[in-house]
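Student: Mind looking over this structure? Questions follow.
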Amino acid sequence: MDWLERVATLRQWSRDGVRAPHKPLLLLYALGRFQEDAEGQLAYTAVESDLRQLLVEYGPARATTPAYPFHHLVSDGVWEVRSDRGGGSPGTGVRELRASRAVGRLAPELRVALRREPALLGRMARVLLDLHFPPSLHQDLCDAVGLELESAETAAVSVTARRRQRDRRMRELVLTAYEYQCAFCGYDGMLDTMPVGLEAAHVRWWAFDGPDDVDNGLCLCSLHHKLFDRGVLGVGDGHRVLVSQHFVGRGSVAREHVTALAHRPLIGPRPGAPSVSADHRSWHARQVFRGSPRPGPARSGSGSGSG
């Protein structure tokens with residue numbers, strides 16, 4: 001059985017292209033717990049709280065329940081559910097899962113395969129990360145679910161590569177188009193002759209069919225790339241920076257580097273280079289950006305001068 005192919009083809013709810021990382025998040029969580037305790041079971045009541053937080057941080061900005069992936073992941077052959085009422089999962093009802101003391105864990109055949117080949121766990125996790133999340137969030141996600149990955153998981157790379165091949169030229173093309181400065185803050189650091197702390201961000205994530213094209217890219221500093229992929233920042237009409245109202249920055253540094261960006265025009269791209277397409281901006285606004293944007297800074301003066 002090819003476990004990498006199985007996790008790469010999880011059946012997911014889909015409507016109008018909306019992101020649905022519920023099953024990948026639960027499976028990453030389960031792999032992290034297996035790495036910690038290969039014999040342990042995961043009570044729904046414990047998973048519910050942890051998975052809800054993961055969905056808030058890494059899922060789309062819409063209401064959802066951890067009960068759905070807890071029940072439905074069984075159909076993919078990588079997960080099992082048992083309850084004190086006997087049989088399998090009692091369904092997707094939160095009350096039933098709690099009342100029946102439902103527990104889940106990786107499917108028996110998968111547990112055997114992971115014990116036989118420990119490196120398989122890291123390869124499976126890498127497939128899930130590559131197919132469902134941008135690289136800027138991979139380490140954060142691993143930390144959140146307690147996963148420690150090996151530095152090289154070549155088998156995982158081969159699975160994702162058969163689907164799409166990244167264009168390695170994109171980084172240079174995007175950084176050149178934005179003249180090696182962050183489109184949000186203008187940071188333009190260099191170490192000798194090489195840019196440092198600058199990255200090419202996909203607006204529509206590569207994992208969700210975002211092309212490796214300049215009109216789907218932004219040159220961003222490392223901080224603003226991370227915040228962009230977490231939905232704190234976005235790009236609105238008129239190519240102005242959006243800042244989520246959910247973001248709270250109590251100190252002057254957070255205010256200066258984040259909240260003060262609200263409604264600033266993007267820096268770049270240079271004349272002749274394509275700006276971010278409306279389609280890709282719209283995808284990010286629907287799928288990644290959190291809540292509503294903050295209003296721009298109040299303008300001084302009343303606009304009713306004399307004369």
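Every chain in the structure tokens has a letter given in the order shown (A, B, ...), and although residue numbers restart at 1 in each chain, ligands are simply numbered from 1 in the order shown.
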Would you return as a count of residues only the members of region 181-296 of chain A that DSSP assigns to alpha helix (DSSP H) on this structure's backbone?
Tutor: 24
Student: Using backbone DSSP assignments, extract all strand (DSSP E or B) residues from region 181-271 of chain A; output them as a count of residues only.
Tutor: 23
Student: Please identify all polymer residues within 10 Å of Val74 (chain A), counting only C-alpha atoms, omitting same-chain residues fewer than 3 positions from it, and present them as a CSV table (one decimal) with all heavy atoms, in the first residue's frame.
Tutor:
```
chain,number,residue,atom,x,y,z
A,23,LYS,N,-9.1,17.7,7.3
A,23,LYS,CA,-8.5,16.4,7.3
A,23,LYS,C,-7.0,16.4,7.4
A,23,LYS,O,-6.4,15.7,8.2
A,23,LYS,CB,-9.0,15.5,6.2
A,23,LYS,CG,-10.4,15.0,6.3
A,23,LYS,CD,-10.7,14.1,5.1
A,23,LYS,CE,-12.1,13.5,5.2
A,23,LYS,NZ,-12.4,12.6,4.0
A,69,PRO,N,-14.0,16.3,10.5
A,69,PRO,CA,-12.8,15.5,10.1
A,69,PRO,C,-12.6,14.3,11.0
A,69,PRO,O,-12.1,13.2,10.6
A,69,PRO,CB,-11.6,16.5,10.2
A,69,PRO,CG,-12.1,17.6,11.1
A,69,PRO,CD,-13.6,17.7,10.8
A,70,PHE,N,-12.9,14.4,12.3
A,70,PHE,CA,-12.8,13.3,13.2
A,70,PHE,C,-13.6,12.1,12.8
A,70,PHE,O,-13.1,10.9,12.8
A,70,PHE,CB,-13.2,13.7,14.6
A,70,PHE,CG,-12.8,12.8,15.7
A,70,PHE,CD1,-11.6,13.0,16.4
A,70,PHE,CD2,-13.6,11.7,16.1
A,70,PHE,CE1,-11.2,12.1,17.4
A,70,PHE,CE2,-13.2,10.9,17.1
A,70,PHE,CZ,-12.0,11.1,17.8
A,71,HIS,N,-14.8,12.3,12.2
A,71,HIS,CA,-15.6,11.2,11.7
A,71,HIS,C,-15.2,10.8,10.3
A,71,HIS,O,-15.0,9.6,10.0
A,71,HIS,CB,-17.1,11.6,11.8
A,71,HIS,CG,-18.0,10.7,11.1
A,71,HIS,ND1,-18.4,9.5,11.6
A,71,HIS,CD2,-18.5,10.8,9.8
A,71,HIS,CE1,-19.2,8.9,10.7
A,71,HIS,NE2,-19.3,9.7,9.6
A,77,GLY,N,-9.1,5.6,5.0
A,77,GLY,CA,-8.3,4.5,5.3
A,77,GLY,C,-7.1,4.7,6.1
A,77,GLY,O,-6.2,3.9,6.2
A,78,VAL,N,-7.0,5.9,6.7
A,78,VAL,CA,-5.8,6.3,7.5
A,78,VAL,C,-6.1,6.5,9.0
A,78,VAL,O,-5.3,6.8,9.8
A,78,VAL,CB,-5.1,7.5,7.0
A,78,VAL,CG1,-4.6,7.2,5.6
A,78,VAL,CG2,-6.0,8.7,7.0
A,79,TRP,N,-7.4,6.3,9.4
A,79,TRP,CA,-7.9,6.8,10.7
A,79,TRP,C,-9.0,5.8,11.2
A,79,TRP,O,-9.7,5.3,10.3
A,79,TRP,CB,-8.4,8.2,10.6
A,79,TRP,CG,-9.0,8.9,11.8
A,79,TRP,CD1,-10.3,9.2,12.0
A,79,TRP,CD2,-8.3,9.4,12.9
A,79,TRP,NE1,-10.5,9.8,13.2
A,79,TRP,CE2,-9.3,10.0,13.8
A,79,TRP,CE3,-7.0,9.4,13.3
A,79,TRP,CZ2,-8.9,10.6,15.0
A,79,TRP,CZ3,-6.6,10.0,14.5
A,79,TRP,CH2,-7.6,10.6,15.3
A,80,GLU,N,-9.1,5.6,12.4
A,80,GLU,CA,-10.1,4.8,13.0
A,80,GLU,C,-10.7,5.4,14.2
A,80,GLU,O,-10.1,6.2,14.9
A,80,GLU,CB,-9.7,3.4,13.3
A,80,GLU,CG,-8.7,3.3,14.5
A,80,GLU,CD,-8.4,1.9,15.0
A,80,GLU,OE1,-8.9,0.9,14.3
A,80,GLU,OE2,-7.6,1.7,15.9
A,81,VAL,N,-12.0,5.2,14.4
A,81,VAL,CA,-12.7,5.8,15.6
A,81,VAL,C,-13.4,4.7,16.3
A,81,VAL,O,-14.1,3.8,15.7
A,81,VAL,CB,-13.7,6.9,15.1
A,81,VAL,CG1,-14.5,7.3,16.3
A,81,VAL,CG2,-13.0,8.0,14.5
A,88,GLY,N,-17.9,1.6,15.3
A,88,GLY,CA,-17.1,2.7,14.9
A,88,GLY,C,-17.6,4.1,15.4
A,88,GLY,O,-18.2,4.2,16.4
A,89,SER,N,-17.4,5.1,14.6
A,89,SER,CA,-17.7,6.5,14.9
A,89,SER,C,-19.3,6.6,15.1
A,89,SER,O,-20.0,6.0,14.2
A,89,SER,CB,-17.2,7.5,13.9
A,89,SER,OG,-17.8,8.7,14.1
A,104,GLY,N,-10.0,8.3,18.7
A,104,GLY,CA,-9.5,8.0,17.4
A,104,GLY,C,-8.0,7.8,17.4
A,104,GLY,O,-7.3,8.2,18.4
A,105,ARG,N,-7.5,7.2,16.4
A,105,ARG,CA,-6.1,7.1,16.2
A,105,ARG,C,-5.8,6.6,14.8
A,105,ARG,O,-6.8,6.2,14.0
A,105,ARG,CB,-5.5,6.1,17.2
A,105,ARG,CG,-5.9,4.7,17.2
A,105,ARG,CD,-5.2,3.8,18.2
A,105,ARG,NE,-5.6,2.5,18.3
A,105,ARG,CZ,-5.0,1.5,19.0
A,105,ARG,NH1,-3.9,1.8,19.7
A,105,ARG,NH2,-5.5,0.3,19.1
A,106,LEU,N,-4.6,6.6,14.4
A,106,LEU,CA,-4.2,6.1,13.0
A,106,LEU,C,-4.7,4.7,12.8
A,106,LEU,O,-4.7,3.9,13.8
A,106,LEU,CB,-2.7,6.2,12.8
A,106,LEU,CG,-2.1,7.6,13.0
A,106,LEU,CD1,-0.6,7.6,12.8
A,106,LEU,CD2,-2.7,8.6,11.9
A,107,ALA,N,-5.0,4.4,11.6
A,107,ALA,CA,-5.5,3.0,11.2
A,107,ALA,C,-4.4,2.0,11.6
A,107,ALA,O,-3.2,2.2,11.5
A,107,ALA,CB,-5.8,3.0,9.8
```
Student: Using only C-alpha atoms, find the one residue out of A:Leu73, A:Leu120, A:Leu27, A:Ala99 that sits nearest to Asp2 (chain A).
Tutor: A:Leu120
Student: List the spatial neighbours of region 275-277 of chain A as a short mmCIF file (atom, residue, chain, number, x, y, z; two decimals) with C-alpha atoms, in the first residue's frame - criterion: any atom at most 7 Å away, only C-alpha atoms, same-chain residues fewer than 5 positions off excluded.
Tutor:
```
data_model
loop_
_atom_site.label_atom_id
_atom_site.label_comp_id
_atom_site.auth_asym_id
_atom_site.auth_seq_id
_atom_site.Cartn_x
_atom_site.Cartn_y
_atom_site.Cartn_z
CA ASP A 215 1.21 38.64 -11.33
CA ASN A 216 0.71 36.09 -8.53
CA GLY A 217 3.72 37.23 -6.57
CA PRO A 269 6.16 46.73 -9.09
#
```
Student: Smallest atom-to-atom distance to Phe289 (chain A): which of A:Leu223, A:Val253, A:Leu242, A:Ile267, using only C-alpha atoms?
Tutor: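 The shortest atom-to-atom distance to Phe289 (chain A) comes from A:Leu242.
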Student: With distances taken over only C-alpha atoms, which residue among A:Cys185, A:Ala200, A:Met194, A:Leu25 lies nearest Leu141 (chain A)?
Tutor: A:Leu25
Student: Hey, can you check how far CA of Thr92 (chain A) sits from CA of Leu54 (chain A)?
Tutor: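 These atoms are spaced 18.5 Å apart.
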Student: Mind pulling up the distance from CA of Phe184 (chain A) to CA of Gly268 (chain A)?
Tutor: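 Distance between the two atoms: 9.3 Å.
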Student: Taking into account only C-alpha atoms, which residue in the set A:Pro274, A:Pro295, A:Pro265, A:Pro24 is nearest to Leu173 (chain A)?
Tutor: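 Looking only at the distances to Leu173 (chain A), the closest residue turns out to be A:Pro274.
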Student: Looking at A:Leu131, A:Ala125, A:Val232, A:Ala254, which one is nearest to Asp209 (chain A), with distances taken over only C-alpha atoms?
Tutor: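 Residue with the minimum atom-to-atom distance to Asp209 (chain A): A:Leu131.
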Student: Looking at A:Ala201, A:Ala183, A:Cys219, A:Ala207, which one is nearest to His239 (chain A), with distances taken over only C-alpha atoms?
Tutor: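 Answer, going by the shortest atom-to-atom distance: A:Ala183.
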Student: What does the structure give for the distance between CA of Ala38 (chain A) and CA of Arg85 (chain A), in Å to one decimal?
Tutor: 24.2 Å
Student: If you count only C-alpha atoms, which residues fall within 12 Å of Gly189 (chain A), apart from same-chain ones fewer than 4 positions away, as a PyMOL selection string?
Tutor: chain A and resi 179-182+185+193-199+220-222
